[in-house]
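S.K.: One structure, as structure tokens, below. Some questions next.
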Amino acid sequence: METLKICTHTVTLVDQVEDKLLTYFKEKDFHAGDAIPNEFELAAALGVARSVLREALSRLKMMGMIETRTRRGMILTEPSILGGMKRVVDPRILSEDSLFDILGFRIALEIGICSDIFKNITPEDIEDLEDIDRMGIAFENNEYAPISEFSFHSKLYEITGNKTISEFQEIIHPVMTFVKDKFKDLLEPINIEMKKKNKIVTHTDLLGYIKKKDQSGYRKAIEQHFAVYKIFMRNRI
């Protein structure tokens with residue numbers, strides 16, 4: 001195995017080793033599932049202690065780029081794009097500003113995927129949405145049980161055919177639940193006022209636009225569906 005020389009920089013030695021490893025994997029055209037050289041070979045090629053190499057490899061394992069398999073040693077794997085985000089997006093430790101930034105991003109994403117939903121949706125997808133809506137648990141004032149909210153919107157994300165978007169829904173769900181619970185007393189009056197003005201948009205309403213193939217109507221409806229959060233965030237400023 002050829003020597004993988006490292007340079008002297010202000011970054012740490014582990015940082016350099018990590019960068020060199022990534023460059024090496026790319027240059028050697030490694031793909032997910034390929035076995036990579038063992039620790040002894042890599043440490044010798046880099047000219048570093050195995051303790052330094054192990055720390056760099058540990059970082060890559062945490063990123064989901066390397067796995068250790070029985071009888072095969074270390075295997076290169078394709079990491080989840082949002083894997084790191086899953087580990088840090090914990091609503092219990094995020095600031096309110098971060099929570100609402102994520103919430104705003106979720107709303108923008110829901111609006112942005114409208115065209116993909118209407119382009120990709122099948123009769124089977126509509127049946128699934130009907131089942132989810134029928135079994136959904138809806139409370140008063142546009143409030144849904146967490147499982148009902150998650151199931152309906154997860155299906156919409158799935159219809160886009162974009163796995164990263166679907167994965168994002170798994171990350172955002174705990175944030176949405178946390179925000180609803182923490183700010184319930186502030187959200188409820190907004191929902192009540194919207195109900196009085198007949199501005200509540202339910203999952204059934206959204207499904208109606210989908211079944212009518214009314215993309216323009218759906219886009220306006222999904223914006224209104226999340227209006228309570230937009231009003232709440234605007235009132236915070």
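Scheme for the structure tokens: letters A, B, ... for chains in order shown; per-chain residue numbers from 1; ligand numbers from 1 in order shown.
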Just list the residues in range 59-226 of chain A DSSP gives strand (DSSP E) on the backbone, as a PyMOL selection string.
M.R.: chain A and resi 66-69+73-76
S.K.: Quick one: everything within 9 Å of Leu21 in chain A, counting only C-alpha atoms, minus sequence neighbours fewer than 2 positions away in the same chain. Send it as JSON, numbers by chain.
M.R.: {"A": [4, 16, 17, 18, 19, 23, 24, 25, 26, 42, 56, 57]}
S.K.: List the spatial neighbours of range 180-191 of chain A as a PyMOL selection string - criterion: any atom at most 12 Å away, only C-alpha atoms, same-chain residues fewer than 5 positions off excluded.
M.R.: chain A and resi 91-92+96+99-100+103+139-146+149+173-175+196-202+224-236
S.K.: Please produce a file of the residues just selected, as a tab-separated table (two decimals), in the first residue's frame, where the atoms kept are N, CA and C atoms.
M.R.:
chain	number	residue	atom	x	y	z
A	91	PRO	N	-35.39	18.52	20.54
A	91	PRO	CA	-36.08	19.74	20.97
A	91	PRO	C	-35.85	20.11	22.42
A	92	ARG	N	-35.41	19.15	23.23
A	92	ARG	CA	-35.19	19.44	24.64
A	92	ARG	C	-33.97	20.33	24.87
A	96	GLU	N	-35.31	28.26	21.45
A	96	GLU	CA	-36.59	28.55	20.80
A	96	GLU	C	-36.38	29.03	19.37
A	99	LEU	N	-35.81	26.05	17.22
A	99	LEU	CA	-37.05	25.29	17.06
A	99	LEU	C	-37.93	25.91	15.98
A	100	PHE	N	-38.04	27.22	16.01
A	100	PHE	CA	-38.91	27.89	15.05
A	100	PHE	C	-38.27	28.01	13.67
A	103	LEU	N	-39.17	24.68	12.30
A	103	LEU	CA	-40.60	24.67	11.99
A	103	LEU	C	-40.88	25.44	10.71
A	139	PHE	N	-58.82	16.21	17.13
A	139	PHE	CA	-59.43	16.87	18.28
A	139	PHE	C	-60.06	18.17	17.80
A	140	GLU	N	-60.48	18.99	18.72
A	140	GLU	CA	-61.07	20.27	18.33
A	140	GLU	C	-59.97	21.24	17.89
A	141	ASN	N	-60.40	22.25	17.15
A	141	ASN	CA	-59.53	23.37	16.78
A	141	ASN	C	-58.29	22.94	15.99
A	142	ASN	N	-58.50	22.09	14.98
A	142	ASN	CA	-57.43	21.73	14.05
A	142	ASN	C	-56.27	21.01	14.73
A	143	GLU	N	-56.54	20.26	15.78
A	143	GLU	CA	-55.52	19.50	16.48
A	143	GLU	C	-55.66	18.02	16.17
A	144	TYR	N	-54.55	17.39	15.83
A	144	TYR	CA	-54.54	15.96	15.54
A	144	TYR	C	-53.64	15.24	16.54
A	145	ALA	N	-53.98	13.98	16.80
A	145	ALA	CA	-53.09	13.15	17.61
A	145	ALA	C	-51.75	13.04	16.87
A	146	PRO	N	-50.64	13.01	17.60
A	146	PRO	CA	-49.32	12.95	16.95
A	146	PRO	C	-49.20	11.87	15.89
A	149	GLU	N	-51.05	12.96	12.68
A	149	GLU	CA	-50.31	14.01	11.98
A	149	GLU	C	-49.09	13.43	11.27
A	173	HIS	N	-40.77	15.40	13.27
A	173	HIS	CA	-41.96	15.03	14.05
A	173	HIS	C	-41.80	15.31	15.54
A	174	PRO	N	-40.70	14.92	16.18
A	174	PRO	CA	-40.55	15.23	17.61
A	174	PRO	C	-40.53	16.73	17.89
A	175	VAL	N	-39.99	17.51	16.94
A	175	VAL	CA	-39.97	18.96	17.12
A	175	VAL	C	-41.39	19.52	17.08
A	196	LYS	N	-63.43	30.27	14.13
A	196	LYS	CA	-64.54	31.22	14.08
A	196	LYS	C	-64.65	31.86	12.69
A	197	LYS	N	-63.49	32.07	12.06
A	197	LYS	CA	-63.46	32.69	10.73
A	197	LYS	C	-63.52	31.66	9.61
A	198	ASN	N	-63.74	30.40	9.99
A	198	ASN	CA	-63.83	29.30	9.02
A	198	ASN	C	-62.57	29.19	8.16
A	199	LYS	N	-61.42	29.32	8.80
A	199	LYS	CA	-60.15	29.26	8.07
A	199	LYS	C	-59.33	28.01	8.40
A	200	ILE	N	-59.98	27.08	9.08
A	200	ILE	CA	-59.30	25.83	9.41
A	200	ILE	C	-59.26	24.93	8.18
A	201	VAL	N	-58.09	24.39	7.88
A	201	VAL	CA	-57.93	23.42	6.78
A	201	VAL	C	-57.49	22.09	7.39
A	202	THR	N	-58.32	21.07	7.22
A	202	THR	CA	-58.05	19.75	7.80
A	202	THR	C	-57.36	18.84	6.80
A	224	GLN	N	-52.53	27.37	4.39
A	224	GLN	CA	-53.52	27.68	5.43
A	224	GLN	C	-53.50	26.62	6.54
A	225	HIS	N	-53.19	25.40	6.17
A	225	HIS	CA	-53.13	24.30	7.15
A	225	HIS	C	-52.10	24.61	8.24
A	226	PHE	N	-51.02	25.29	7.85
A	226	PHE	CA	-49.96	25.63	8.80
A	226	PHE	C	-50.03	27.08	9.27
A	227	ALA	N	-51.12	27.75	8.94
A	227	ALA	CA	-51.22	29.18	9.26
A	227	ALA	C	-51.10	29.46	10.74
A	228	VAL	N	-51.58	28.56	11.59
A	228	VAL	CA	-51.51	28.79	13.03
A	228	VAL	C	-50.07	28.98	13.48
A	229	TYR	N	-49.15	28.23	12.90
A	229	TYR	CA	-47.74	28.35	13.29
A	229	TYR	C	-47.13	29.62	12.73
A	230	LYS	N	-47.51	29.98	11.51
A	230	LYS	CA	-46.97	31.20	10.92
A	230	LYS	C	-47.44	32.43	11.71
A	231	ILE	N	-48.71	32.40	12.12
A	231	ILE	CA	-49.24	33.51	12.92
A	231	ILE	C	-48.52	33.57	14.27
A	232	PHE	N	-48.34	32.40	14.87
A	232	PHE	CA	-47.68	32.34	16.18
A	232	PHE	C	-46.25	32.86	16.08
A	233	MET	N	-45.52	32.43	15.04
A	233	MET	CA	-44.14	32.89	14.91
A	233	MET	C	-44.08	34.38	14.61
A	234	ARG	N	-45.04	34.88	13.84
A	234	ARG	CA	-45.07	36.31	13.56
A	234	ARG	C	-45.36	37.12	14.83
A	235	ASN	N	-46.22	36.58	15.69
A	235	ASN	CA	-46.56	37.28	16.93
A	235	ASN	C	-45.40	37.33	17.92
A	236	ARG	N	-44.45	36.40	17.75
A	236	ARG	CA	-43.31	36.35	18.66
A	236	ARG	C	-42.32	37.49	18.41
S.K.: A:Thr177, A:Ser51, A:Ser98, A:Thr160: which is nearest Asn120 in chain A, counting only C-alpha atoms?
M.R.: A:Thr160
S.K.: If you count only C-alpha atoms, which residues fall within 9 Å of range 209-215 of chain A, apart from same-chain ones fewer than 2 positions away, as a list in words?
M.R.: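 Counting only the stated atoms, we get Cys114, Ser115, Ile117, Phe118, Ile121, Ile126, Thr204, Asp205, Leu206, Leu207, Gly217, Tyr218, Arg219, Lys220 and Ala221 of chain A.
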S.K.: Go ahead and write the selection's residues with C-alpha atoms as a CSV table (one decimal), in the first residue's frame.
M.R.:
chain,number,residue,atom,x,y,z
A,114,CYS,CA,-46.8,20.3,-4.0
A,115,SER,CA,-45.8,19.8,-7.6
A,117,ILE,CA,-47.0,15.2,-5.0
A,118,PHE,CA,-49.4,15.9,-7.9
A,121,ILE,CA,-49.4,10.4,-6.8
A,126,ILE,CA,-54.9,8.2,-2.6
A,204,THR,CA,-59.8,15.8,4.8
A,205,ASP,CA,-59.7,19.2,3.0
A,206,LEU,CA,-56.2,18.6,1.8
A,207,LEU,CA,-57.2,15.2,0.5
A,217,GLY,CA,-56.1,24.9,-4.5
A,218,TYR,CA,-54.0,22.4,-2.6
A,219,ARG,CA,-51.0,24.8,-2.5
A,220,LYS,CA,-53.1,27.5,-0.9
A,221,ALA,CA,-54.8,25.0,1.4
S.K.: Which polymer residues have any atom within 12 Å of an atom of Met74 in chain A, counting only C-alpha atoms, with same-chain residues fewer than 2 positions away left out, as a list in words?
M.R.: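 So the residues in contact are Ala32, Gly33, Asp34, Ala35, Ile36, Pro37, Asn38, Glu39, Leu42, Arg54, Leu57, Ser58, Leu60, Lys61, Gly64, Met65, Ile66, Glu67, Thr68, Arg69, Thr70, Arg71, Arg72, Leu76 and Thr77 of chain A.
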S.K.: Write to file, as a PDB file, in the first residue's frame, the residues of the selection just made, with N, CA and C atoms.
M.R.:
ATOM      1  N   ALA A  32     -19.891   1.778  -1.500  1.00  0.00           N
ATOM      2  CA  ALA A  32     -20.535   1.158  -0.343  1.00  0.00           C
ATOM      3  C   ALA A  32     -20.462  -0.361  -0.471  1.00  0.00           C
ATOM      4  N   GLY A  33     -20.023  -0.997   0.604  1.00  0.00           N
ATOM      5  CA  GLY A  33     -19.890  -2.450   0.602  1.00  0.00           C
ATOM      6  C   GLY A  33     -18.474  -2.938   0.389  1.00  0.00           C
ATOM      7  N   ASP A  34     -17.581  -2.048  -0.061  1.00  0.00           N
ATOM      8  CA  ASP A  34     -16.188  -2.435  -0.285  1.00  0.00           C
ATOM      9  C   ASP A  34     -15.425  -2.487   1.036  1.00  0.00           C
ATOM     10  N   ALA A  35     -14.568  -3.490   1.171  1.00  0.00           N
ATOM     11  CA  ALA A  35     -13.707  -3.580   2.344  1.00  0.00           C
ATOM     12  C   ALA A  35     -12.548  -2.596   2.196  1.00  0.00           C
ATOM     13  N   ILE A  36     -12.145  -1.997   3.291  1.00  0.00           N
ATOM     14  CA  ILE A  36     -11.030  -1.050   3.262  1.00  0.00           C
ATOM     15  C   ILE A  36      -9.852  -1.661   4.039  1.00  0.00           C
ATOM     16  N   PRO A  37      -8.630  -1.161   3.821  1.00  0.00           N
ATOM     17  CA  PRO A  37      -7.460  -1.707   4.524  1.00  0.00           C
ATOM     18  C   PRO A  37      -7.648  -1.684   6.041  1.00  0.00           C
ATOM     19  N   ASN A  38      -6.972  -2.583   6.717  1.00  0.00           N
ATOM     20  CA  ASN A  38      -7.111  -2.649   8.169  1.00  0.00           C
ATOM     21  C   ASN A  38      -6.348  -1.521   8.859  1.00  0.00           C
ATOM     22  N   GLU A  39      -6.524  -1.421  10.160  1.00  0.00           N
ATOM     23  CA  GLU A  39      -5.921  -0.328  10.929  1.00  0.00           C
ATOM     24  C   GLU A  39      -4.400  -0.313  10.814  1.00  0.00           C
ATOM     25  N   LEU A  42      -3.364   1.108   7.397  1.00  0.00           N
ATOM     26  CA  LEU A  42      -3.680   2.536   7.281  1.00  0.00           C
ATOM     27  C   LEU A  42      -2.757   3.377   8.155  1.00  0.00           C
ATOM     28  N   ARG A  54      -7.492   5.500  14.954  1.00  0.00           N
ATOM     29  CA  ARG A  54      -8.753   5.003  15.489  1.00  0.00           C
ATOM     30  C   ARG A  54      -9.728   6.131  15.786  1.00  0.00           C
ATOM     31  N   LEU A  57     -11.116   7.165  12.467  1.00  0.00           N
ATOM     32  CA  LEU A  57     -12.060   6.138  12.006  1.00  0.00           C
ATOM     33  C   LEU A  57     -13.348   6.178  12.830  1.00  0.00           C
ATOM     34  N   SER A  58     -13.196   6.468  14.121  1.00  0.00           N
ATOM     35  CA  SER A  58     -14.374   6.564  14.993  1.00  0.00           C
ATOM     36  C   SER A  58     -15.305   7.670  14.520  1.00  0.00           C
ATOM     37  N   LEU A  60     -15.622   8.714  11.434  1.00  0.00           N
ATOM     38  CA  LEU A  60     -16.279   8.249  10.210  1.00  0.00           C
ATOM     39  C   LEU A  60     -17.357   7.224  10.515  1.00  0.00           C
ATOM     40  N   LYS A  61     -17.142   6.426  11.560  1.00  0.00           N
ATOM     41  CA  LYS A  61     -18.168   5.468  11.962  1.00  0.00           C
ATOM     42  C   LYS A  61     -19.392   6.188  12.506  1.00  0.00           C
ATOM     43  N   GLY A  64     -21.565   7.325   9.919  1.00  0.00           N
ATOM     44  CA  GLY A  64     -22.210   6.263   9.157  1.00  0.00           C
ATOM     45  C   GLY A  64     -21.474   5.908   7.886  1.00  0.00           C
ATOM     46  N   MET A  65     -20.193   6.272   7.800  1.00  0.00           N
ATOM     47  CA  MET A  65     -19.422   6.011   6.581  1.00  0.00           C
ATOM     48  C   MET A  65     -18.652   4.697   6.635  1.00  0.00           C
ATOM     49  N   ILE A  66     -18.469   4.178   7.838  1.00  0.00           N
ATOM     50  CA  ILE A  66     -17.714   2.927   8.006  1.00  0.00           C
ATOM     51  C   ILE A  66     -18.451   2.035   9.004  1.00  0.00           C
ATOM     52  N   GLU A  67     -18.483   0.753   8.698  1.00  0.00           N
ATOM     53  CA  GLU A  67     -19.011  -0.242   9.625  1.00  0.00           C
ATOM     54  C   GLU A  67     -17.993  -1.365   9.759  1.00  0.00           C
ATOM     55  N   THR A  68     -18.026  -2.029  10.897  1.00  0.00           N
ATOM     56  CA  THR A  68     -17.159  -3.194  11.100  1.00  0.00           C
ATOM     57  C   THR A  68     -18.017  -4.445  10.997  1.00  0.00           C
ATOM     58  N   ARG A  69     -17.655  -5.321  10.084  1.00  0.00           N
ATOM     59  CA  ARG A  69     -18.415  -6.545   9.845  1.00  0.00           C
ATOM     60  C   ARG A  69     -17.599  -7.769  10.261  1.00  0.00           C
ATOM     61  N   THR A  70     -18.272  -8.759  10.797  1.00  0.00           N
ATOM     62  CA  THR A  70     -17.614 -10.013  11.161  1.00  0.00           C
ATOM     63  C   THR A  70     -17.005 -10.667   9.921  1.00  0.00           C
ATOM     64  N   ARG A  71     -15.788 -11.055  10.044  1.00  0.00           N
ATOM     65  CA  ARG A  71     -15.012 -11.754   9.006  1.00  0.00           C
ATOM     66  C   ARG A  71     -14.602 -10.856   7.835  1.00  0.00           C
ATOM     67  N   ARG A  72     -15.162  -9.675   7.731  1.00  0.00           N
ATOM     68  CA  ARG A  72     -14.818  -8.801   6.607  1.00  0.00           C
ATOM     69  C   ARG A  72     -14.028  -7.573   7.040  1.00  0.00           C
ATOM     70  N   LEU A  76     -16.858   0.119   3.857  1.00  0.00           N
ATOM     71  CA  LEU A  76     -17.332   1.464   3.533  1.00  0.00           C
ATOM     72  C   LEU A  76     -18.837   1.418   3.329  1.00  0.00           C
ATOM     73  N   THR A  77     -19.550   2.339   3.935  1.00  0.00           N
ATOM     74  CA  THR A  77     -21.011   2.379   3.818  1.00  0.00           C
ATOM     75  C   THR A  77     -21.449   3.774   3.381  1.00  0.00           C
TER      76      THR A  77
END
S.K.: Pick out the residues sitting within 8 Å of Ile171 in chain A, and hand them over as a compact mmCIF listing (two decimals) with N, CA and C atoms, in the first residue's frame; count only C-alpha atoms, and ignore anything fewer than 6 positions along from it in its own chain.
M.R.:
# COMPACT_ATOMS: atom_id res chain seq x y z
N MET A 85 -27.98 15.14 11.50
CA MET A 85 -29.06 16.00 11.96
C MET A 85 -29.93 15.28 12.98
N LYS A 86 -30.13 13.98 12.77
CA LYS A 86 -30.94 13.20 13.71
C LYS A 86 -30.36 13.25 15.11
N VAL A 89 -30.81 17.22 16.49
CA VAL A 89 -32.12 17.87 16.55
C VAL A 89 -32.94 17.24 17.67
S.K.: Nearest residue to Asp97 in chain A out of A:Met62, A:Val179, A:Val48, A:Val14, using only C-alpha atoms?
M.R.: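 Smallest distance to Asp97 in chain A is found for A:Val179.
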S.K.: Measuring atom to atom with only C-alpha atoms, identify which of A:Met194, A:Ile172, A:Ile222, A:Thr12 is nearest to Leu82 in chain A.
M.R.: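 Residue with the minimum atom-to-atom distance to Leu82 in chain A: A:Ile172.
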S.K.: Which residue, A:Thr122, A:Gly73, A:Ser151, A:Val52, has the smallest gap to Arg134 in chain A when you use only C-alpha atoms?
M.R.: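 The closest residue to Arg134 in chain A is A:Ser151.
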S.K.: Go through A:Glu167, A:Asp29, A:Asp15, A:Asp101 one by one, measure the shortest atom-to-atom distance of each to Arg59 in chain A using only C-alpha atoms, and give the residue with the smallest value.
M.R.: A:Asp15
S.K.: Counting only C-alpha atoms, figure out which residue out of A:Lys119, A:His203, A:Arg87, A:Lys163 gets nearest to Met135 in chain A.
M.R.: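 Looking at the shortest contact to Met135 in chain A, the residue is A:His203.
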